[in-house]
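Engineer: As input, take final-v2.cif (mmCIF, C-alpha atoms):
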```
data_protein
#
loop_
_atom_site.label_atom_id
_atom_site.label_comp_id
_atom_site.auth_asym_id
_atom_site.auth_seq_id
_atom_site.Cartn_x
_atom_site.Cartn_y
_atom_site.Cartn_z
CA MET A 1 3.51 -4.29 30.96
CA THR A 2 5.37 -3.52 27.72
CA VAL A 3 3.22 -3.19 24.62
CA SER A 4 5.07 -4.27 21.48
CA ALA A 5 5.02 -2.06 18.41
CA PRO A 6 2.76 -3.18 15.56
CA SER A 7 4.43 -5.29 12.89
CA LEU A 8 4.94 -3.93 9.39
CA ALA A 9 2.04 -6.07 8.17
CA GLU A 10 -0.18 -4.66 10.92
CA ALA A 11 0.97 -1.15 9.99
CA ALA A 12 0.08 -1.84 6.37
CA VAL A 13 -3.40 -2.96 7.37
CA ASP A 14 -3.74 0.17 9.51
CA VAL A 15 -3.21 2.29 6.39
CA LEU A 16 -5.48 0.10 4.28
CA THR A 17 -8.34 0.38 6.77
CA THR A 18 -8.05 4.16 7.02
CA ALA A 19 -10.59 5.90 4.80
CA ASP A 20 -9.58 9.55 5.12
CA PRO A 21 -6.92 10.39 2.48
CA ASP A 22 -5.00 12.82 4.69
CA GLN A 23 -4.84 10.30 7.53
CA LYS A 24 -3.84 7.58 5.07
CA VAL A 25 -0.93 9.74 3.95
CA SER A 26 0.09 10.66 7.51
CA LYS A 27 0.03 7.03 8.64
CA THR A 28 2.08 6.07 5.60
CA TYR A 29 4.84 8.47 6.63
CA LEU A 30 4.65 7.35 10.27
CA HIS A 31 4.85 3.62 9.54
CA ALA A 32 7.51 4.06 6.86
CA ALA A 33 9.73 5.89 9.34
CA ALA A 34 9.24 3.16 11.95
CA TRP A 35 10.25 0.50 9.44
CA ARG A 36 13.32 2.42 8.29
CA ASN A 37 14.37 2.89 11.91
CA SER A 38 14.15 -0.89 12.47
CA GLU A 39 11.47 -0.49 15.10
CA VAL A 40 9.21 -3.27 13.76
CA SER A 41 9.32 -6.78 12.34
CA VAL A 42 7.53 -7.88 9.17
CA GLY A 43 4.96 -10.02 10.97
CA HIS A 44 1.66 -11.24 9.55
CA CYS A 45 -1.74 -9.55 9.29
CA THR A 46 -4.51 -10.27 6.81
CA PRO A 47 -5.35 -7.21 4.68
CA PRO A 48 -8.93 -6.31 3.79
CA ASP A 49 -10.32 -7.38 0.42
CA ARG A 50 -10.67 -3.69 -0.40
CA PRO A 51 -9.06 -0.67 1.25
CA ALA A 52 -11.23 1.78 3.14
CA ARG A 53 -12.33 4.69 0.98
CA PRO A 54 -13.90 8.08 1.69
CA SER A 55 -17.52 8.60 0.66
CA ALA A 56 -16.28 10.62 -2.32
CA PRO A 57 -15.26 10.30 -5.10
CA ARG A 58 -18.08 8.30 -6.59
CA LEU A 59 -16.66 5.29 -8.43
CA CYS A 60 -17.95 4.72 -11.94
CA ALA A 61 -17.05 3.03 -15.21
CA PRO A 62 -14.15 4.55 -17.18
CA ARG A 63 -16.53 5.55 -19.99
CA GLU A 64 -18.44 7.74 -17.50
CA MET A 65 -15.39 9.72 -16.43
CA PRO A 66 -15.27 13.46 -17.18
CA LYS A 67 -13.17 14.43 -20.17
CA ARG A 68 -9.52 15.11 -19.33
CA SER A 69 -7.26 17.50 -21.20
CA THR A 70 -4.52 20.05 -20.64
CA GLY A 71 -6.93 22.89 -21.42
CA PRO A 72 -8.47 25.03 -18.66
CA LYS A 73 -11.65 22.95 -18.33
CA GLY A 74 -10.10 19.50 -18.65
CA ARG A 75 -7.08 20.15 -16.44
CA ILE A 76 -8.96 19.74 -13.16
CA ALA A 77 -10.35 16.41 -14.35
CA LEU A 78 -6.85 15.35 -15.39
CA VAL A 79 -5.22 16.17 -12.06
CA HIS A 80 -8.14 14.69 -10.12
CA ALA A 81 -7.80 11.42 -12.04
CA LEU A 82 -4.05 11.35 -11.38
CA ALA A 83 -4.61 12.04 -7.67
CA HIS A 84 -7.00 9.09 -7.55
CA ILE A 85 -4.41 6.85 -9.20
CA GLU A 86 -1.76 7.94 -6.70
CA LEU A 87 -4.02 7.35 -3.69
CA ASN A 88 -4.77 3.88 -5.06
CA ALA A 89 -1.03 3.37 -5.48
CA VAL A 90 -0.49 4.09 -1.77
CA ASP A 91 -2.91 1.28 -0.93
CA LEU A 92 -1.46 -1.03 -3.57
CA ALA A 93 2.02 -0.68 -2.09
CA TRP A 94 0.80 -1.40 1.44
CA ASP A 95 -1.37 -4.26 0.19
CA ILE A 96 1.62 -6.00 -1.40
CA VAL A 97 3.46 -5.61 1.92
CA ALA A 98 0.69 -7.21 3.97
CA ARG A 99 -0.79 -9.72 1.52
CA PHE A 100 2.33 -11.67 0.62
CA THR A 101 4.16 -12.11 3.93
CA ASN A 102 3.96 -15.88 3.49
CA ASP A 103 5.99 -15.75 0.27
CA ASP A 104 9.36 -15.84 2.10
CA MET A 105 10.67 -12.56 0.70
CA PRO A 106 13.84 -10.83 1.97
CA ASP A 107 13.63 -7.61 3.98
CA ALA A 108 14.80 -5.68 0.91
CA PHE A 109 11.44 -6.49 -0.70
CA TYR A 110 9.66 -4.69 2.13
CA ASP A 111 12.20 -1.85 2.05
CA ASP A 112 11.30 -1.25 -1.58
CA TRP A 113 7.53 -1.32 -1.19
CA VAL A 114 7.52 0.87 1.91
CA MET A 115 9.58 3.39 -0.08
CA VAL A 116 7.07 3.14 -2.93
CA ALA A 117 4.15 3.73 -0.54
CA GLU A 118 5.84 6.82 0.88
CA GLU A 119 6.55 8.28 -2.55
CA GLU A 120 3.03 7.59 -3.79
CA ALA A 121 1.74 9.47 -0.72
CA LYS A 122 4.00 12.39 -1.67
CA HIS A 123 2.56 12.31 -5.20
CA PHE A 124 -1.00 12.38 -3.92
CA GLU A 125 -0.23 15.32 -1.65
CA ALA A 126 1.31 17.32 -4.50
CA LEU A 127 -1.63 16.70 -6.83
CA ASN A 128 -4.21 17.35 -4.12
CA SER A 129 -2.47 20.63 -3.29
CA GLN A 130 -2.73 21.61 -6.94
CA LEU A 131 -6.45 20.85 -6.90
CA ASP A 132 -6.77 23.00 -3.79
CA SER A 133 -5.09 25.90 -5.61
CA TRP A 134 -7.91 25.65 -8.16
CA ASN A 135 -10.58 25.76 -5.41
CA THR A 136 -11.46 22.10 -5.79
CA ALA A 137 -10.57 18.94 -3.89
CA TYR A 138 -10.10 15.22 -4.28
CA GLY A 139 -13.56 13.68 -4.32
CA ASP A 140 -15.27 16.52 -6.17
CA LEU A 141 -15.25 14.49 -9.41
CA PRO A 142 -16.01 10.81 -10.05
CA ALA A 143 -13.22 8.24 -10.40
CA HIS A 144 -12.89 4.68 -11.70
CA ASP A 145 -11.78 1.53 -9.92
CA GLY A 146 -9.64 -0.19 -12.55
CA LEU A 147 -6.45 -0.45 -10.51
CA TRP A 148 -8.12 -2.11 -7.57
CA GLU A 149 -10.01 -4.52 -9.81
CA ALA A 150 -6.59 -5.69 -11.06
CA ALA A 151 -5.40 -6.06 -7.47
CA THR A 152 -8.40 -8.25 -6.69
CA THR A 153 -7.69 -10.62 -9.56
CA THR A 154 -4.08 -11.08 -8.38
CA ALA A 155 -4.75 -11.30 -4.64
CA ASP A 156 -3.44 -14.87 -4.43
CA ALA A 157 -0.37 -14.60 -6.71
CA LEU A 158 2.57 -12.27 -6.06
CA LEU A 159 4.19 -12.90 -9.44
CA ALA A 160 0.95 -12.02 -11.23
CA ARG A 161 0.50 -8.93 -9.04
CA LEU A 162 3.94 -7.67 -10.05
CA ALA A 163 3.31 -8.37 -13.73
CA LEU A 164 -0.12 -6.81 -13.84
CA ILE A 165 0.20 -3.71 -11.68
CA PRO A 166 3.70 -2.18 -11.54
CA MET A 167 4.88 -3.69 -14.84
CA THR A 168 1.73 -3.07 -16.89
CA LEU A 169 -0.92 -0.73 -15.49
CA GLU A 170 1.34 1.64 -13.56
CA ALA A 171 4.09 1.45 -16.18
CA ARG A 172 1.64 2.95 -18.65
CA GLY A 173 2.12 6.28 -16.91
CA ILE A 174 5.78 6.21 -17.91
CA ASP A 175 4.65 6.04 -21.54
CA THR A 176 2.03 8.77 -21.35
CA THR A 177 3.54 11.34 -18.98
CA PRO A 178 6.31 12.92 -21.16
CA PRO A 179 3.95 14.12 -23.93
CA LEU A 180 1.47 15.21 -21.26
CA MET A 181 4.14 17.34 -19.58
CA GLN A 182 4.99 18.88 -22.94
CA ARG A 183 1.36 19.85 -23.58
CA LEU A 184 1.05 21.35 -20.08
CA ARG A 185 4.12 23.49 -20.64
CA GLN A 186 2.77 24.59 -24.00
CA ALA A 187 -0.36 25.66 -22.08
CA ASP A 188 1.87 27.64 -19.64
CA ASP A 189 1.08 25.35 -16.71
CA GLU A 190 4.61 24.86 -15.41
CA LYS A 191 3.48 23.98 -11.89
CA THR A 192 1.44 20.94 -12.93
CA ALA A 193 4.11 19.91 -15.42
CA ASN A 194 6.75 20.03 -12.69
CA ILE A 195 4.61 17.88 -10.38
CA LEU A 196 4.24 15.33 -13.18
CA ASP A 197 7.97 15.43 -13.82
CA MET A 198 8.64 14.57 -10.17
CA ILE A 199 6.13 11.72 -10.34
CA TYR A 200 7.54 10.48 -13.65
CA LYS A 201 11.07 10.16 -12.28
CA ASP A 202 9.85 8.31 -9.18
CA GLU A 203 7.66 5.99 -11.25
CA ILE A 204 10.63 4.83 -13.32
CA ASN A 205 12.18 3.67 -10.06
CA HIS A 206 8.90 2.06 -8.99
CA LEU A 207 8.84 0.09 -12.23
CA ALA A 208 12.41 -0.98 -11.46
CA VAL A 209 11.19 -2.27 -8.10
CA GLY A 210 8.47 -4.31 -9.82
CA VAL A 211 10.88 -5.73 -12.39
CA ARG A 212 13.53 -6.52 -9.77
CA TRP A 213 11.20 -8.64 -7.65
CA PHE A 214 9.47 -10.19 -10.67
CA GLU A 215 12.84 -11.41 -11.90
CA PHE A 216 13.83 -12.50 -8.37
CA LEU A 217 10.76 -14.74 -8.19
CA CYS A 218 11.25 -16.04 -11.73
CA ALA A 219 14.85 -17.00 -10.90
CA ARG A 220 13.71 -18.71 -7.71
CA ASP A 221 11.04 -20.64 -9.62
CA GLN A 222 13.33 -21.29 -12.64
CA LYS A 223 11.10 -19.40 -15.06
CA ARG A 224 12.11 -17.25 -18.01
CA PRO A 225 10.93 -13.72 -17.07
CA THR A 226 9.84 -12.52 -20.51
CA ASP A 227 7.92 -15.73 -21.21
CA GLU A 228 6.30 -15.70 -17.78
CA TYR A 229 5.29 -12.06 -18.18
CA LYS A 230 3.39 -12.87 -21.36
CA ASN A 231 1.84 -15.98 -19.80
CA LEU A 232 0.58 -13.96 -16.84
CA LEU A 233 -0.84 -11.18 -18.99
CA ASP A 234 -2.61 -13.71 -21.18
CA ARG A 235 -4.20 -15.12 -18.03
CA TYR A 236 -4.91 -12.00 -15.95
CA PHE A 237 -4.97 -8.94 -18.20
CA ARG A 238 -8.04 -7.81 -20.12
CA GLY A 239 -6.88 -6.83 -23.57
CA VAL A 240 -3.23 -6.35 -24.53
CA PRO A 241 -0.59 -3.72 -23.66
CA LYS A 242 -0.91 -0.81 -26.05
CA GLY A 243 1.83 1.54 -27.20
CA PRO A 244 3.47 3.74 -27.92
CA PHE A 245 5.88 2.53 -25.26
CA ASN A 246 8.58 4.65 -23.64
CA ILE A 247 11.27 2.10 -24.39
CA ASP A 248 14.14 4.23 -23.11
CA ALA A 249 12.60 4.82 -19.68
CA ARG A 250 11.35 1.25 -19.37
CA THR A 251 14.84 -0.04 -20.23
CA ILE A 252 16.36 2.19 -17.54
CA ALA A 253 13.96 0.48 -15.13
CA GLY A 254 15.10 -2.95 -16.32
CA MET A 255 12.02 -3.72 -18.40
CA THR A 256 13.86 -4.37 -21.65
CA PRO A 257 12.09 -4.44 -25.04
CA ASN A 258 12.09 -8.26 -24.89
CA TYR A 259 9.23 -8.04 -22.39
CA LEU A 260 7.13 -6.11 -24.88
CA ALA A 261 8.20 -7.99 -28.02
CA PRO A 262 4.82 -9.74 -28.50
CA TRP A 263 3.08 -6.35 -28.68
CA LEU A 264 5.62 -4.24 -30.51
CA GLU A 265 4.91 -3.43 -34.14
CA SER A 266 7.15 -5.40 -36.47
#
```
Represent the structure from my file as structure tokens, please.
Structural biologist:
Amino acid sequence: MTVSAPSLAEAAVDVLTTADPDQKVSKTYLHAAAWRNSEVSVGHCTPPDRPARPSAPRLCAPREMPKRSTGPKGRIALVHALAHIELNAVDLAWDIVARFTNDDMPDAFYDDWVMVAEEEAKHFEALNSQLDSWNTAYGDLPAHDGLWEAATTTADALLARLALIPMTLEARGIDTTPPLMQRLRQADDEKTANILDMIYKDEINHLAVGVRWFEFLCARDQKRPTDEYKNLLDRYFRGVPKGPFNIDARTIAGMTPNYLAPWLES
């Protein structure tokens, strides 16, 4: 009896229901390779409401997070927080693969998000390795749950998910990373700065993925992208996008200043 390979949606759920970070990363690489090699179909599989998580880190409110900085004491907290974001990003990419298989998206949509999941796994590995070099590990410090809270509020709306997560919350890293890299280099931490530079370049492309499919859906639904982006943020986002914005990098990704016009200083 021949046993068929799991679908891409089933593979996504396999990653989402794996708690151990190292196994989550390994499965990401395994399933991404199977998809690239055309070994699986998209399929359907209901993702969990929340991804499986290890017992640590302890999740807490953002105000309870340890102070981050580029100085010797704050650097571990900084890299730990970034590692947590990247591990969440692995799950967010697989969640968008599994959760929206009924939205009649082309295979290129899944190509993009599988690529994003693989690169986010690479980011987590690099940051976790840096923590290890400082005799600490992911989970040794608390972390907050803001990214997944945003995923929960957009679980039934792909357009809102794209607007809120890749185009708003994750895009914020494109704004904040260049000055952070500069401060790390001023503190003679070239290794961490180089890791952030690698992540920064990938994240510009990830924003481009979000914008590309946001505009694809807007065109299909005959909506004006910049107007719809504001409408969705008014509905789903707590607060407003705050600058300064990295306009050059966002424009490279296709997120032109028109998207941010309501929040740019006149």
Engineer: To one decimal place, how far is atom CA of Arg212 of chain A from atom CA of Gly173 of chain A in Å?
Structural biologist: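 Calculated distance between atom CA of Arg212 of chain A and atom CA of Gly173 of chain A is 18.6 Å.
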Engineer: Between A:Leu141, A:Gly243, A:Trp148, A:Phe214, which has the minimum distance to Asp175 of chain A (counting all atoms listed in the file)?
Structural biologist: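 Looking at the shortest contact to Asp175 of chain A, the residue is A:Gly243.
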Engineer: For Asn135 of chain A, which residue out of A:Ile76, A:Leu159, A:Leu260, A:Asn231 is the nearest one, using all atoms listed in the file?
Structural biologist: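 For Asn135 of chain A, the nearest of the candidates is A:Ile76.
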Engineer: Assuming the chain letters and numbering stay as they are in my file, what does the PyMOL selection byres ((chain A and resi 9) around 10) actually select? List them as a PyMOL selection string.
Structural biologist: chain A and resi 6-8+10-14+40-47+94-101+110
Engineer: For the atom pair atom CA of Ser38 of chain A and atom CA of Ala208 of chain A, what is the interatomic distance in Å to one decimal place?
Structural biologist: 24.0 Å
Engineer: Mind giving me the straight-line distance from atom CA of Ala193 of chain A to atom CA of Leu180 of chain A in Å, one decimal?
Structural biologist: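 Spanning atom CA of Ala193 of chain A to atom CA of Leu180 of chain A is a straight-line distance of 7.9 Å.
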Engineer: Any chance you could export segment 28-40 of chain A with N, CA and C atoms, as a short mmCIF file (atom, residue, chain, number, x, y, z; two decimals), in the first residue's frame?
Structural biologist:
```
data_model
loop_
_atom_site.label_atom_id
_atom_site.label_comp_id
_atom_site.auth_asym_id
_atom_site.auth_seq_id
_atom_site.Cartn_x
_atom_site.Cartn_y
_atom_site.Cartn_z
N THR A 28 10.89 22.84 9.16
CA THR A 28 10.71 23.90 8.16
C THR A 28 11.58 23.63 6.94
N TYR A 29 12.84 23.33 7.15
CA TYR A 29 13.74 23.05 6.03
C TYR A 29 13.29 21.81 5.26
N LEU A 30 12.87 20.78 5.97
CA LEU A 30 12.44 19.53 5.34
C LEU A 30 11.22 19.76 4.45
N HIS A 31 10.20 20.40 5.00
CA HIS A 31 8.95 20.61 4.25
C HIS A 31 9.14 21.62 3.13
N ALA A 32 9.98 22.61 3.33
CA ALA A 32 10.25 23.59 2.27
C ALA A 32 10.91 22.90 1.08
N ALA A 33 11.84 22.00 1.34
CA ALA A 33 12.51 21.28 0.26
C ALA A 33 11.53 20.40 -0.49
N ALA A 34 10.63 19.74 0.23
CA ALA A 34 9.64 18.88 -0.42
C ALA A 34 8.72 19.69 -1.33
N TRP A 35 8.34 20.88 -0.88
CA TRP A 35 7.49 21.73 -1.71
C TRP A 35 8.23 22.22 -2.95
N ARG A 36 9.46 22.66 -2.78
CA ARG A 36 10.25 23.13 -3.93
C ARG A 36 10.48 22.01 -4.95
N ASN A 37 10.59 20.80 -4.46
CA ASN A 37 10.82 19.65 -5.36
C ASN A 37 9.54 19.08 -5.93
N SER A 38 8.42 19.79 -5.71
CA SER A 38 7.11 19.41 -6.27
C SER A 38 6.67 18.03 -5.81
N GLU A 39 6.98 17.71 -4.56
CA GLU A 39 6.62 16.41 -4.03
C GLU A 39 5.24 16.39 -3.37
N VAL A 40 4.64 17.59 -3.16
CA VAL A 40 3.38 17.66 -2.43
C VAL A 40 2.41 18.62 -3.11
#
```
